[in-house]
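Below is one structure, written out as structure tokens; comments come after it.
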Protein chains: 2
Amino acid sequence: MTDIPYKIYLEENEMPTSWYNLRADMKNKPAPLLNPGTGKPMTAEELGAVFCDELVAQELDETTPYIEIPEEIRKFYKMYRPSPLVRAYCLEEKLKTPAKIYYKFEGNNTSGSHKLNSAIAQAYYAKKQGLKGVTTETGAGQWGTALSMACAYLGLDCRVYMVKVSYEQKPFRREVMRTYGASVTPSPSMNTEVGRKILAEFPGTTGSLGCAISEAVEDATSHEGYRYVLGSVLNQVLLHQTVIGLETKIAMEKYGIKPDIIIGCAGGGSNLGGLISPFMGEKLRGEADYRIIAVEPASCPSFTRGVFAYDFCDTGMICPLAKMYTIGSSYIPAPNHAGGLRFHGMSPILSQLYHDGLMEAISVNQTDVFAAAEYFARCEGILPAPESSHAIKAAIDEALRCKETGEEKTILFGLTGTGYFDMVAYEKFHDGNMTNYIPTDDELAASIAKLPKTAE
Amino acid sequence: MTDIPYKIYLEENEMPTSWYNLRADMKNKPAPLLNPGTGKPMTAEELGAVFCDELVAQELDETTPYIEIPEEIRKFYKMYRPSPLVRAYCLEEKLKTPAKIYYKFEGNNTSGSHKLNSAIAQAYYAKKQGLKGVTTETGAGQWGTALSMACAYLGLDCRVYMVKVSYEQKPFRREVMRTYGASVTPSPSMNTEVGRKILAEFPGTTGSLGCAISEAVEDATSHEGYRYVLGSVLNQVLLHQTVIGLETKIAMEKYGIKPDIIIGCAGGGSNLGGLISPFMGEKLRGEADYRIIAVEPASCPSFTRGVFAYDFCDTGMICPLAKMYTIGSSYIPAPNHAGGLRFHGMSPILSQLYHDGLMEAISVNQTDVFAAAEYFARCEGILPAPESSHAIKAAIDEALRCKETGEEKTILFGLTGTGYFDMVAYEKFHDGNMTNYIPTDDELAASIAKLPKTAE
């Protein structure tokens, strides 16, 4: 029975050589991005002012099912991939569940998360286009770290605008990025017009992700040879992240394992989309069926309590409009330590799939998430990131349900990263100072009422 | 040529099932531990008051070449081992060296280092003996974290005395240990007689490793069902750490690789001893020859500037005497950020081998170490611990020597862990505020003059 090892690693020659473009198999395609000024779909030319050309092509490509992973990126992947598919024997034993639990662990690289999968791809295409560098924003810092690593490897300049409060509260994240040669600027800054304007108006502001995005975009578009890159939400990002799901599927097939339930945490959707894509593809093509569950924080419930409508991707309202599940770009999520899930909207691809009834979504409370995280750490060893722990919480609940019913279900979840830089949150939890925040119906109604009227 | 993958992982059934006891192949055995009171070799009974019985047996066993790894420990090893043996293709390319560079990476577990290999073994034998828990001290925190993880897994109580200054400066390390259920006490504390005495005498003291050891030993010996455990220096620790070298050797043999040079950082010797043991065994038996290099910080040069003599293992002078290379237990090493290498002495096994001319030792400056660490991070991705980076520095120097001579040497080094909790040191380096400290001859002579006169 235990011929399945604790960890399944693929051989190098078993690793995926193409990303899988789920849109090619979707009957209902995700709605196009709209120009907020004209209300018309963004053209490749318009997108090309902000993003690299090849990434624009990937963003708009709805028909090519497999897109080859360039040799240089595959070489980089080999430095930290394949990531292990882990059989959670110890967790199963401790839960006394008949369920079989697997997790795909993306935390074994210095960025501490799956973000590196797309960072290297985006940096590679920037380099290929002959650019000097890229700009981006970062909040919690995982995306900024991943991009810094990718740029260091390729010899590309990397300019990160880090939300000022994070810059000050997470000095270690900042130093990791500096170790990889990135310039890290607390936002708002005097580097950009938008930054100077905000500083003049609100001299004491500690910044916001919306403001940092605005600065990063302005920096890229006002400097020759620079483009802006983003770590989630976009179709191109989900495409790169399919390497997670593809590796998982190959590893499972190698051992004849078929998941019944697939679980992932959901913020902008990059990890969840990456993990589920090849399985969802089978489901769309009618070849197999899986129960797929997105887990979001109760404090920021875009799937479970939002609406499916066009909205800005950023709180600064300068980015294109995307049709997605959203609680309104004007909504400021409560301080939730899973910074990577504090996003008002959701990937357009995942939003369409959810709208079409192809996946489920649940929301969970922060304190329950940390209790699950600690439980998991003590038996499986790995200290999980708060974001990833949303999936752990849901997986444990499903495993306990199997214990009640006696069903031997196979549960797969995505363990997106490690929590080494989240110890302030763990400390709050240990000291009993962590609170849950659930937005009221009125609060959500107010921000949803402010959705842009431009489209539909 | 490139049929050697970036990372070599063993299959579960290829993993070592026994540790290798190098002492069995040593003609000149390491000198026994002495009772500082009587000046006579410590008996099993004396050692048993402090350490678990099976660990005492391992400490004293000089003849059994292979000691089976208990099933329960092998199960735990499977959660985070085998660790990858990595071919540093990117580093080689960047250095433009004909040398082939490999490193065994022990940082892919939450303790962030190789310490877990011995922590689980020591906790297992404590549990097997029916004990309630174990006590230990920790400075930088890697050992304390590893022990907390092992105890959480086995349901054993874990009491960590953390040097007060580290407790306050490294709150994240403390929280990781708390996540694994350990009690973490800043030392000196009111828990112990020795702690109370020190606090009365020096009310504002920020503690020392020597004091924390004294408290941990007192706690263990004054509570029924507790024993003290230590993360380095001891023969038993080197034994457990041989899993590193054994895995490395199996992986290399699988691909027909034979190292010419083997490099490891050296503090107390646990990682270096673990990595080199099976290779040193071949060397002792005349089956093969390897150049083996220990790398220590210039600020704490026990091999390169110490004497081979009996000394206390702790600055508190309560532990047994060990014959080793030492710069004197009264010597307080300068603040060097590689906390794991700030030890005045060296493993008795390694000391004997060095004394017999079977290995070399060099010392390196802290700023050169961090420059090497950053260089490595930018091409290989992994953010190395300051301790491990001593080996990186030496490996890069050897590779550059090959570039000059054109020799295609195979270099193997131990990458013991990650630097996520060392960003304060990286920040100092980035800001140009890092200094080197090399003890003067007079300073070393003064502390060496204070060596105990009891033995020899």
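Simple scheme: letters A, B, ... for chains in structure tokens order, numbers from 1 for residues in each chain, numbers from 1 for ligands in the order shown.
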Next item on the list: Determine which residues of chain A sit within 6 Å of chain B, taking into account only C-alpha atoms, and present them as number ranges by chain.
Entry: A: 110, 152-153, 172, 175, 180, 378-379, 382, 423, 427
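Backbone DSSP over segment 237-294 of chain A yields strand (DSSP E) at Ile261, Ile262, Ile263, Gly264, Cys265, Arg291, Ile292, Ile293 and Ala294 of chain A.
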Check: Near Pro32 of chain A, counting only C-alpha atoms, which residues have an atom at most 10 Å away, once you skip same-chain residues fewer than 4 positions from it, shown as a PyMOL selection string?
Finding: chain A and resi 40-43+59-60+310+320-323+348
Check: Using only C-alpha atoms, which residue out of A:Asp314, A:Asp219, A:Glu296, A:Glu137 lies closest to Ser187 of chain A?
Finding: A:Glu137
Check: Which polymer residues have any atom within 6 Å of an atom of segment 272-276 of chain A, counting only C-alpha atoms, with same-chain residues fewer than 6 positions away left out, as an NGL selection string?
Finding: :A and (238 or 241-242 or 244-245 or 264)
Next item on the list: Name all residues at most 12 Å from Pro452 of chain B (count only C-alpha atoms; drop same-chain ones fewer than 6 positions away) and give them as number ranges by chain.
Entry: B: 34-37, 39, 309-313, 317, 320-323, 326, 328-330
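With only C-alpha atoms as the atoms that count, the residue of B:Ala220, B:Ile257, B:Ile73, B:Met346 with the shortest distance to Pro30 of chain B is B:Met346.
Distance-wise, atom CA of Gly225 of chain B and atom CA of Leu131 of chain B end up 4.6 Å apart.
Atom CA of Thr17 of chain A sits 20.4 Å away from atom CA of Tyr255 of chain A.
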